[in-house]
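Since the structure comes first, as structure tokens, the remarks are kept for the end.
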Amino acid sequence: MKKVAVFTSGGDSPGMNAGIRAAVRGAIYYGVEIVGIVRGYKGMIDGDFIPLESRSVSNIIQLGGTILKSARSEEFRTAVGRKKAAEQLKANGIEGLVAIGGNGTFTGAEIFYREFGIPTIGMPGTIDNDLYGTDYTIGFDTAVNTALDAVDKIRDTADSHDRVFFIEVMGRDSGYIAIQTGIGGGAEMVMVPENPDSIESVIETLHTDRSRSKTSAIIIVAEGEELGNAHYISVKAKEKLPHMDIRVTTLGHVQRGGGPTAADRILGSRLGLGAVEALLEGKTNMMVGIVNDQLTYTPFHDAINKKKPFNKDLIKMVNILSI
């Protein structure tokens with residue numbers, strides 16, 4: 001393999017640039033030419049390729065977002081669009097791909113490989129930490145720390161005014177950000193899709209807190225919570241507890257931004273080099289991940305479709321530590 005390409009797709013996550021940097025310098029180390037595809041699958045269809053050298057990725061490891069940009073591509077969802085992308089890669093002599101992204105990125109890569117056989121290794125770049133085959137995804141640790149910083153600040157005002165705050169964090173259908181933010185922030189309750197909740201359980205928690213002389217409370221709500229979003233749950237709680245001062249904060253996309261933590265810089269670096277080495281070893285249609293601090297390779301189909309185990313003991317921990 002003489003020439004490969006790296007691209008980022010889907011939602012951005014802190015640490016993607018560390019992954020790009022490692023892929024570029026890893027390829028150069030092994031004597032392989034590497035280019036960057038700008039704006040993911042859209043750029044692949046448009047032939048928007050840029051040459052990358054060692055100095056091209058200097059001073060980016062500390063940056064959030066992605067220097068290669070990201071974009072959705074409805075055209076790539078079509079057979080005609082994917083054919084255009086394959087023709088662009090062939091015309092530019094690109095023999096393998098490093099794809100940094102999440103479920104949607106890997107779904108596209110799997111279909112693309114089946115149709116055109118272009119070797120692809122994926123790196124899990126998503127703050128949601130919802131991919132099977134890796135303990136952590138790039139950006140997750142930074143997102144948790146960003147959310148935790150906000151929770152610490154909100155707790156100050158909650159305590160000052162004897163308020164209850166429902167704080168909604170990101171994670172799509174995964175509660176990983178919520179549970180780790182809740183434990184780290186000393187939340188009184190965490191509501192996640194993986195654990196059934198009810199308005200009655202919220203009311204019971206708040207009643208119990210008051211009986212323990214707690215005058216304020218923080219309840220973390222994952223955006224994918226099946227009961228509803230933080231605003232909906234807060235309205236239902238207010239109906240049952242009209243005397244309580246209840247407020248809502250939705251943290252939103254602030255969790256995706258900012259410089260990556262040390263953990264995400266190191267994770268992105270390990271996975272970026274691991275992805276290039278996997279291509280050169282002949283691996284394809286797989287996601288590189290870290291399990292028990294060791295590099296692992298999981299077929300895209302499993303990474304996308306298998307459910308990542310959720311440790312419900314962490315919910316129990318929240319309940320115990322909030323007394």
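We name chains A, B, ... following the order of the structure tokens; residues begin at 1 in each chain, and ligands are numbered from 1 as shown.
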Find the nearest atom pair between each residue of range 123-188 of chain A and range 285-298 of chain A for residues within 8 Å, count only C-alpha atoms, give distances in Å to one decimal, sort rows by chain and ascending number, and present the table as JSON lines.
{"residue": "A:Met123", "atom": "CA", "partner": "A:Val288", "partner_atom": "CA", "distance": 5.6}
{"residue": "A:Pro124", "atom": "CA", "partner": "A:Met287", "partner_atom": "CA", "distance": 7.0}
{"residue": "A:Gly133", "atom": "CA", "partner": "A:Thr298", "partner_atom": "CA", "distance": 5.7}
{"residue": "A:Thr134", "atom": "CA", "partner": "A:Gly289", "partner_atom": "CA", "distance": 4.5}
{"residue": "A:Asp135", "atom": "CA", "partner": "A:Val291", "partner_atom": "CA", "distance": 5.3}
{"residue": "A:Tyr136", "atom": "CA", "partner": "A:Ile290", "partner_atom": "CA", "distance": 7.0}
{"residue": "A:Thr137", "atom": "CA", "partner": "A:Gly289", "partner_atom": "CA", "distance": 7.8}
Inset, instruction - For range 101-113 of chain A, work out the shell of residues within 7 Å, counting only C-alpha atoms and skipping chain neighbours fewer than 4 positions away, then give it as a ChimeraX atom specification. - result: /A:8-10,82,117-120,122-126,285,300,304
Since we have the selection now, will you write its residues out, keeping N, CA and C atoms, as an mmCIF file, in the first residue's frame?
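Result went into part-v7.cif, see below:
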data_model
loop_
_atom_site.group_PDB
_atom_site.id
_atom_site.type_symbol
_atom_site.label_atom_id
_atom_site.label_comp_id
_atom_site.auth_asym_id
_atom_site.auth_seq_id
_atom_site.Cartn_x
_atom_site.Cartn_y
_atom_site.Cartn_z
ATOM 1 N N THR A 8 -12.528 12.771 8.580
ATOM 2 C CA THR A 8 -13.411 12.791 9.740
ATOM 3 C C THR A 8 -14.834 12.999 9.241
ATOM 4 N N SER A 9 -15.780 12.363 9.937
ATOM 5 C CA SER A 9 -17.155 12.399 9.478
ATOM 6 C C SER A 9 -18.094 12.386 10.675
ATOM 7 N N GLY A 10 -19.317 12.874 10.472
ATOM 8 C CA GLY A 10 -20.284 12.908 11.566
ATOM 9 C C GLY A 10 -19.985 14.046 12.520
ATOM 10 N N ARG A 82 -21.753 6.934 -4.068
ATOM 11 C CA ARG A 82 -20.623 6.081 -3.650
ATOM 12 C C ARG A 82 -19.741 5.718 -4.847
ATOM 13 N N GLY A 117 -14.654 -2.599 -2.277
ATOM 14 C CA GLY A 117 -13.497 -3.317 -1.743
ATOM 15 C C GLY A 117 -12.324 -2.460 -1.334
ATOM 16 N N ILE A 118 -12.560 -1.184 -1.044
ATOM 17 C CA ILE A 118 -11.462 -0.308 -0.620
ATOM 18 C C ILE A 118 -11.209 -0.525 0.872
ATOM 19 N N PRO A 119 -10.013 -0.978 1.242
ATOM 20 C CA PRO A 119 -9.727 -1.273 2.663
ATOM 21 C C PRO A 119 -9.933 -0.039 3.547
ATOM 22 N N THR A 120 -10.646 -0.230 4.645
ATOM 23 C CA THR A 120 -10.935 0.876 5.554
ATOM 24 C C THR A 120 -10.788 0.419 7.000
ATOM 25 N N GLY A 122 -11.554 2.058 10.853
ATOM 26 C CA GLY A 122 -12.237 3.161 11.520
ATOM 27 C C GLY A 122 -11.663 3.464 12.888
ATOM 28 N N MET A 123 -11.718 4.731 13.244
ATOM 29 C CA MET A 123 -11.349 5.163 14.599
ATOM 30 C C MET A 123 -12.612 5.723 15.253
ATOM 31 N N PRO A 124 -12.945 5.296 16.471
ATOM 32 C CA PRO A 124 -14.182 5.735 17.116
ATOM 33 C C PRO A 124 -14.096 7.171 17.627
ATOM 34 N N GLY A 125 -14.611 8.107 16.838
ATOM 35 C CA GLY A 125 -14.592 9.511 17.217
ATOM 36 C C GLY A 125 -16.005 9.996 17.488
ATOM 37 N N THR A 126 -16.431 9.944 18.732
ATOM 38 C CA THR A 126 -17.755 10.409 19.138
ATOM 39 C C THR A 126 -17.766 10.626 20.642
ATOM 40 N N ASN A 285 -12.193 -3.135 7.015
ATOM 41 C CA ASN A 285 -13.592 -3.177 7.446
ATOM 42 C C ASN A 285 -13.708 -3.385 8.956
ATOM 43 N N PHE A 300 -16.760 -3.686 11.623
ATOM 44 C CA PHE A 300 -17.719 -2.584 11.626
ATOM 45 C C PHE A 300 -19.126 -3.051 11.995
ATOM 46 N N ILE A 304 -21.138 -1.391 15.155
ATOM 47 C CA ILE A 304 -22.364 -0.631 14.920
ATOM 48 C C ILE A 304 -23.564 -1.273 15.601
#
Inset, instruction - Go through range 125-205 of chain A and collect every residue that DSSP, computed from the backbone, puts in helix (DSSP H, G or I); the answer should be as a PyMOL selection string. - result: chain A and resi 140-161+176-184+199-205
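Using only C-alpha atoms, the shortest contact distance between Tyr30 in chain A and any of A:Val4, A:Lys307, A:Asp141, A:Gly175 is found at A:Val4.
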Inset, instruction - Mind checking which residues fall within 12 Å of Glu281 in chain A, counting only C-alpha atoms, ignoring those fewer than 3 positions away in the same chain, and posting them as an MDAnalysis selection string? - result: chainID A and resid 1 30 96 119:121 274:278 284
For N, CA and C atoms, I'd like the residues from the last selection saved as a PDB file, in the first residue's frame.
ATOM      1  N   MET A   1       0.851  -1.189   0.000  1.00  0.00           N
ATOM      2  CA  MET A   1       0.000   0.000   0.000  1.00  0.00           C
ATOM      3  C   MET A   1       0.890   1.242   0.000  1.00  0.00           C
ATOM      4  N   TYR A  30       6.152   4.847   8.077  1.00  0.00           N
ATOM      5  CA  TYR A  30       6.197   3.572   7.357  1.00  0.00           C
ATOM      6  C   TYR A  30       6.366   3.753   5.844  1.00  0.00           C
ATOM      7  N   GLY A  96      -6.276   2.938   0.509  1.00  0.00           N
ATOM      8  CA  GLY A  96      -6.848   2.588   1.801  1.00  0.00           C
ATOM      9  C   GLY A  96      -7.330   3.832   2.517  1.00  0.00           C
ATOM     10  N   PRO A 119     -10.013  -0.978   1.242  1.00  0.00           N
ATOM     11  CA  PRO A 119      -9.727  -1.273   2.663  1.00  0.00           C
ATOM     12  C   PRO A 119      -9.933  -0.039   3.547  1.00  0.00           C
ATOM     13  N   THR A 120     -10.646  -0.230   4.645  1.00  0.00           N
ATOM     14  CA  THR A 120     -10.935   0.876   5.554  1.00  0.00           C
ATOM     15  C   THR A 120     -10.788   0.419   7.000  1.00  0.00           C
ATOM     16  N   ILE A 121     -10.116   1.262   7.795  1.00  0.00           N
ATOM     17  CA  ILE A 121     -10.049   1.071   9.241  1.00  0.00           C
ATOM     18  C   ILE A 121     -10.670   2.290   9.896  1.00  0.00           C
ATOM     19  N   GLY A 274      -2.526   3.015  15.373  1.00  0.00           N
ATOM     20  CA  GLY A 274      -3.045   1.655  15.251  1.00  0.00           C
ATOM     21  C   GLY A 274      -3.833   1.450  13.973  1.00  0.00           C
ATOM     22  N   ALA A 275      -4.543   2.483  13.523  1.00  0.00           N
ATOM     23  CA  ALA A 275      -5.334   2.377  12.293  1.00  0.00           C
ATOM     24  C   ALA A 275      -4.427   2.214  11.074  1.00  0.00           C
ATOM     25  N   VAL A 276      -3.366   3.015  11.001  1.00  0.00           N
ATOM     26  CA  VAL A 276      -2.433   2.930   9.882  1.00  0.00           C
ATOM     27  C   VAL A 276      -1.725   1.575   9.872  1.00  0.00           C
ATOM     28  N   GLU A 277      -1.282   1.141  11.028  1.00  0.00           N
ATOM     29  CA  GLU A 277      -0.601  -0.156  11.104  1.00  0.00           C
ATOM     30  C   GLU A 277      -1.532  -1.289  10.702  1.00  0.00           C
ATOM     31  N   ALA A 278      -2.809  -1.170  11.052  1.00  0.00           N
ATOM     32  CA  ALA A 278      -3.779  -2.209  10.681  1.00  0.00           C
ATOM     33  C   ALA A 278      -3.939  -2.286   9.165  1.00  0.00           C
ATOM     34  N   THR A 284      -9.009  -4.899   7.348  1.00  0.00           N
ATOM     35  CA  THR A 284      -9.957  -3.996   6.696  1.00  0.00           C
ATOM     36  C   THR A 284     -11.353  -4.163   7.260  1.00  0.00           C
TER      37      THR A 284
END
